[in-house]
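Colleague: The structure that follows is given in the form of structure tokens.
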Amino acid sequence: MKITTLYVYPIKALRGIKLKSARIGPQGIAHDRTFMLFQVSEPDGELKKMQVDSHPQCALFEQELSGGNISVRYHDPENQDQDEQPLVIPLTVNTATLAKINVNLHGSAPSSAYSMGSPYEDWFSARFGFPIRLVYIGDGKRAVLGDTLPPKQHQQTTQNGKGGWLSSLTSYVTERGQEGKPWITFTDVAPLLVTSESSLHDVSARLPADEPMPMYKFRPNIVVDGQGEEAWAEDLWAELTFNNKHKLLLTGNCVRCVSINVDYETGKPAVGELGSVLKKLMKDRRVDTGSKWSPVFGRYAFPAVMQDSQGASFELRVGDEVEVTRRNAERTVWDWPGL
């Protein structure tokens with residue numbers, strides 16, 4: 001197989017950015033989901049997380065990387081000719097002058113996060129039509145919950161250049177080579193999401209020929225072509241190796257919600273067949289016994305390195321070779337509490 005697409009989402013829930021190459025670290029692709037939007041409820045000021053399922057208008061915001069900044073443009077479906085200046089947000093923020101803020105995402109709260117304040121929050125609030133907080137995770141670290149998602153050490157056998165067999169331990173590296181409990185940014189439950197085009201073709205086969213399902217609605221980080229693998233084979237993938245060197249540990253299924261029914265041009269649920277993709281998948285893709293009402297598409301992954309490797313990050317490029325180097329005998333079971 002080969003990598004066909006790489007995506008990063010610096011601001012969670014907005015449109016993804018296609019990359020030709022990506023630096024992969026313990027928390028996934030650099031800068032992925034380090035910012036997140038929250039709606040400020042009135043009158044109590046409670047912060048409500050904003051994702052495509054609950055706030056489909058997030059799909060109207062396009063983000064691009066430019067130098068050390070994120071450029072955000074709003075595509076107003078009522079004014080297609082609008083040509084406003086983008087909002088420019090630094091990728092790396094000096095938090096010394098920012099207010100700390102308490103936020104909670106899926107029950108896994110960071111130790112700290114920061115409100116970006118004006119003019120950023122004013123810009124988003126004007127376009128959404130209600131008060132917004134743009135939150136930067138900064139030095140916050142969200143715990144990975146449950147028993148099945150955190151990667152486990154395992155023994156694997158590799159062959160040396162002389163044909164003999166060596167046993168080596170693959171271990172998860174959390175930050176700069178230090179082993180310990182994994183942590184994440186504002187990614188949902190794991191650093192990376194991997195999807196296969198073989199399975200996407202199966203989804204599109206359920207739709208009219210002139211309305212194929214776009215992969216971007218599944219919001220992956222790494223897309224592989226699935227060459228040589230049947231649709232849904234990824235359900236049992238446990239480890240992927242890239243270019244015979246770099247590894248990902250695949251530990252959980254991605255269970256799906258109504259976000260895959262959203263039309264990214266209108267910021268509303270799609271009309272016609274594309275508005276019923278979730279229902280179509282529920283017929284035969286509710287294959288995770290830990291989340292029996294939700295269909296599965298894609299696998300959550302954690303970067304892994306060999307103990308003797310140098311550093312805890314590596315680069316992937318579109319076109320890189322991918323091999324399934326370990327498979328599970330049975331599907332993993334979802335157990336993130338309350339999700």
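Residue numbers start at 1 in each chain; chains themselves are named A, B, ... in the order of the structure tokens; ligands are numbered from 1 in the order shown.
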Mind checking which residues fall within 8 Å of Thr185 (chain A), counting only C-alpha atoms, ignoring those fewer than 6 positions away in the same chain, and posting them as a count of residues only?
Modeller: 9
Colleague: For the contact check between region 166-274 of chain A and region 107-116 of chain A, emit one row per residue of region 166-274 of chain A within 10 Å, containing the shortest atom pair and the distance in Å rounded to one decimal, counting only C-alpha atoms, chain then rising number order, as a Markdown table.
Modeller:
```
| residue | atom | partner | partner_atom | distance |
| --- | --- | --- | --- | --- |
| A:Trp183 | CA | A:Pro110 | CA | 9.4 |
| A:Ile184 | CA | A:Pro110 | CA | 8.9 |
| A:Thr185 | CA | A:Pro110 | CA | 8.1 |
| A:Phe186 | CA | A:Pro110 | CA | 8.9 |
| A:Asp188 | CA | A:Ser108 | CA | 9.4 |
| A:Val189 | CA | A:Ser108 | CA | 8.9 |
```
Colleague: Any chance you can output those residues with C-alpha atoms as a JSON list (two decimals), in the first residue's frame?
Modeller:
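Saved result, out.json, follows:
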```
[["chain", "number", "residue", "atom", "x", "y", "z"],
["A", 183, "TRP", "CA", -1.28, 12.14, 26.26],
["A", 184, "ILE", "CA", -3.06, 14.00, 23.48],
["A", 185, "THR", "CA", -3.99, 17.51, 22.37],
["A", 186, "PHE", "CA", -7.57, 18.32, 21.26],
["A", 188, "ASP", "CA", -10.64, 13.17, 20.04],
["A", 189, "VAL", "CA", -9.08, 10.09, 21.65]]
```
Colleague: Tell me, as number ranges by chain, which residues lie within 9 Å of region 202-218 of chain A, counting only C-alpha atoms; anything in the same chain fewer than 2 positions away does not count.
Modeller: A: 7, 15-16, 195, 197-200, 220, 223, 231-232, 256, 259-264, 273-274, 277, 280-281, 297-298
Colleague: Would you put the residues from that selection into a file with N, CA and C atoms, as a PDB file, in the first residue's frame?
Modeller:
```
ATOM      1  N   TYR A   7      -3.587  14.768   6.218  1.00  0.00           N
ATOM      2  CA  TYR A   7      -4.378  15.920   6.649  1.00  0.00           C
ATOM      3  C   TYR A   7      -3.934  16.375   8.035  1.00  0.00           C
ATOM      4  N   ARG A  15     -12.265  22.857   8.426  1.00  0.00           N
ATOM      5  CA  ARG A  15     -11.829  22.025   7.302  1.00  0.00           C
ATOM      6  C   ARG A  15     -10.364  21.628   7.461  1.00  0.00           C
ATOM      7  N   GLY A  16     -10.042  20.434   7.008  1.00  0.00           N
ATOM      8  CA  GLY A  16      -8.673  19.948   7.091  1.00  0.00           C
ATOM      9  C   GLY A  16      -7.778  20.562   6.038  1.00  0.00           C
ATOM     10  N   THR A 195      -7.299   5.905   7.676  1.00  0.00           N
ATOM     11  CA  THR A 195      -8.416   5.359   6.896  1.00  0.00           C
ATOM     12  C   THR A 195      -7.893   4.771   5.587  1.00  0.00           C
ATOM     13  N   GLU A 197      -8.761   3.785   1.425  1.00  0.00           N
ATOM     14  CA  GLU A 197      -9.595   4.062   0.256  1.00  0.00           C
ATOM     15  C   GLU A 197     -10.389   2.835  -0.182  1.00  0.00           C
ATOM     16  N   SER A 198      -9.910   1.647   0.143  1.00  0.00           N
ATOM     17  CA  SER A 198     -10.681   0.448  -0.179  1.00  0.00           C
ATOM     18  C   SER A 198     -12.037   0.473   0.521  1.00  0.00           C
ATOM     19  N   SER A 199     -12.052   0.905   1.762  1.00  0.00           N
ATOM     20  CA  SER A 199     -13.306   0.993   2.496  1.00  0.00           C
ATOM     21  C   SER A 199     -14.148   2.168   2.015  1.00  0.00           C
ATOM     22  N   LEU A 200     -13.494   3.259   1.635  1.00  0.00           N
ATOM     23  CA  LEU A 200     -14.240   4.402   1.093  1.00  0.00           C
ATOM     24  C   LEU A 200     -14.991   4.008  -0.169  1.00  0.00           C
ATOM     25  N   PRO A 220      -9.726  12.128   8.459  1.00  0.00           N
ATOM     26  CA  PRO A 220      -8.547  11.339   8.847  1.00  0.00           C
ATOM     27  C   PRO A 220      -7.285  12.199   8.872  1.00  0.00           C
ATOM     28  N   VAL A 223      -4.310   8.715   5.031  1.00  0.00           N
ATOM     29  CA  VAL A 223      -5.136   7.894   4.148  1.00  0.00           C
ATOM     30  C   VAL A 223      -4.219   6.983   3.344  1.00  0.00           C
ATOM     31  N   ALA A 231     -11.921  -4.192   1.437  1.00  0.00           N
ATOM     32  CA  ALA A 231     -12.643  -3.193   2.218  1.00  0.00           C
ATOM     33  C   ALA A 231     -12.825  -3.694   3.645  1.00  0.00           C
ATOM     34  N   TRP A 232     -12.598  -2.804   4.588  1.00  0.00           N
ATOM     35  CA  TRP A 232     -12.765  -3.043   6.020  1.00  0.00           C
ATOM     36  C   TRP A 232     -11.700  -3.954   6.614  1.00  0.00           C
ATOM     37  N   ARG A 256     -18.539   6.285  14.388  1.00  0.00           N
ATOM     38  CA  ARG A 256     -18.976   7.459  13.638  1.00  0.00           C
ATOM     39  C   ARG A 256     -20.289   8.054  14.131  1.00  0.00           C
ATOM     40  N   SER A 259     -21.711  13.686  11.869  1.00  0.00           N
ATOM     41  CA  SER A 259     -20.805  14.621  11.175  1.00  0.00           C
ATOM     42  C   SER A 259     -20.536  14.190   9.739  1.00  0.00           C
ATOM     43  N   ILE A 260     -20.591  12.883   9.462  1.00  0.00           N
ATOM     44  CA  ILE A 260     -20.292  12.430   8.095  1.00  0.00           C
ATOM     45  C   ILE A 260     -21.441  12.736   7.133  1.00  0.00           C
ATOM     46  N   ASN A 261     -22.578  13.202   7.654  1.00  0.00           N
ATOM     47  CA  ASN A 261     -23.701  13.582   6.794  1.00  0.00           C
ATOM     48  C   ASN A 261     -23.692  15.059   6.418  1.00  0.00           C
ATOM     49  N   VAL A 262     -22.745  15.827   6.935  1.00  0.00           N
ATOM     50  CA  VAL A 262     -22.756  17.277   6.743  1.00  0.00           C
ATOM     51  C   VAL A 262     -22.269  17.671   5.349  1.00  0.00           C
ATOM     52  N   ASP A 263     -22.948  18.658   4.765  1.00  0.00           N
ATOM     53  CA  ASP A 263     -22.540  19.256   3.490  1.00  0.00           C
ATOM     54  C   ASP A 263     -21.587  20.410   3.785  1.00  0.00           C
ATOM     55  N   TYR A 264     -20.341  20.295   3.329  1.00  0.00           N
ATOM     56  CA  TYR A 264     -19.329  21.304   3.640  1.00  0.00           C
ATOM     57  C   TYR A 264     -19.524  22.602   2.859  1.00  0.00           C
ATOM     58  N   GLU A 273     -29.027  11.491  -0.844  1.00  0.00           N
ATOM     59  CA  GLU A 273     -28.347  10.290  -0.361  1.00  0.00           C
ATOM     60  C   GLU A 273     -27.140  10.602   0.526  1.00  0.00           C
ATOM     61  N   LEU A 274     -26.441  11.694   0.228  1.00  0.00           N
ATOM     62  CA  LEU A 274     -25.273  12.053   1.034  1.00  0.00           C
ATOM     63  C   LEU A 274     -25.657  12.476   2.447  1.00  0.00           C
ATOM     64  N   VAL A 277     -25.649   8.871   4.891  1.00  0.00           N
ATOM     65  CA  VAL A 277     -24.509   7.946   4.903  1.00  0.00           C
ATOM     66  C   VAL A 277     -24.415   7.218   6.239  1.00  0.00           C
ATOM     67  N   LYS A 280     -26.876   4.412   6.323  1.00  0.00           N
ATOM     68  CA  LYS A 280     -26.474   3.317   5.444  1.00  0.00           C
ATOM     69  C   LYS A 280     -25.396   2.452   6.104  1.00  0.00           C
ATOM     70  N   LEU A 281     -24.444   3.100   6.778  1.00  0.00           N
ATOM     71  CA  LEU A 281     -23.369   2.349   7.421  1.00  0.00           C
ATOM     72  C   LEU A 281     -23.858   1.593   8.651  1.00  0.00           C
ATOM     73  N   PHE A 297     -15.558   3.394  10.945  1.00  0.00           N
ATOM     74  CA  PHE A 297     -14.789   3.685   9.733  1.00  0.00           C
ATOM     75  C   PHE A 297     -13.456   4.263  10.171  1.00  0.00           C
ATOM     76  N   GLY A 298     -12.389   3.491  10.011  1.00  0.00           N
ATOM     77  CA  GLY A 298     -11.048   3.969  10.341  1.00  0.00           C
ATOM     78  C   GLY A 298     -10.546   3.437  11.669  1.00  0.00           C
TER      79      GLY A 298
END
```
Colleague: For the structure I just gave you, how does DSSP split region 186-316 of chain A - specifically, which residues are strand (DSSP E)? Reply as number ranges by chain.
Modeller: A: 192-196, 222-224, 237-242, 246-255, 262-263, 268-269, 296-306, 314-316
Colleague: I'd like to know which of A:Phe124, A:Leu249, A:Pro26, A:Lys2 is closest to Glu321 (chain A), using only C-alpha atoms.
Modeller: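 Of A:Phe124, A:Leu249, A:Pro26, A:Lys2, the one nearest Glu321 (chain A) is A:Lys2, counting only C-alpha atoms.
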Colleague: Kindly indicate which residue among A:Thr148, A:Asn94, A:Ser294, A:Ser196 lies nearest to Glu229 (chain A), using only C-alpha atoms for the distances.
Modeller: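 For Glu229 (chain A), the nearest of the candidates is A:Ser196.
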Colleague: Can you tell me, as a PyMOL selection string, what residues are no more than 7 Å from region 237-240 of chain A when counting only C-alpha atoms, ignoring any on the same chain fewer than 4 positions away?
Modeller: chain A and resi 247-251+322-328
Colleague: Near Val287 (chain A), counting only C-alpha atoms, which residues have an atom at most 9 Å away, once you skip same-chain residues fewer than 4 positions from it, shown as a list in words?
Modeller: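 Answer for this query is Asp235, Ser291, Lys292, Ser294, Pro295, Val296 and Arg331 of chain A.
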Colleague: How far is it from CA of Leu339 (chain A) to CA of Pro150 (chain A), in Å with one decimal?
Modeller: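 Between CA of Leu339 (chain A) and CA of Pro150 (chain A) the gap works out to 15.7 Å.
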Colleague: Quote the spacing between CA of Ser71 (chain A) and CA of Val88 (chain A) in Å to one decimal place.
Modeller: 4.6 Å
Colleague: Using only C-alpha atoms, which residue out of A:Val144, A:Val52, A:Leu65, A:Val258 lies closest to Leu19 (chain A)?
Modeller: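 The answer is A:Leu65, which sits nearest to Leu19 (chain A).
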Colleague: What does the distance from CA of Ala304 (chain A) to CA of Glu64 (chain A) come to in Å, to one decimal?
Modeller: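 These atoms are spaced 28.1 Å apart.
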Colleague: Identify which of the residues A:Gly68, A:Lys49, A:Glu234, A:Leu105 lies closest to Val93 (chain A), counting only C-alpha atoms when measuring atom-to-atom distances.
Modeller: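 When distances to Val93 (chain A) are compared using only C-alpha atoms, the smallest one comes from A:Gly68.
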Colleague: Would you please work out which residue, of A:Glu62, A:Glu265, A:Glu78, A:Asp122, is nearest to Leu14 (chain A) when using only C-alpha atoms?
Modeller: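 Among the listed residues, the smallest separation from Leu14 (chain A) belongs to A:Glu62.
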Colleague: Find, counting only C-alpha atoms, the residue in A:Ser118, A:Asn221, A:Thr332, A:Ser276 that gets nearest to Val255 (chain A).
Modeller: A:Thr332
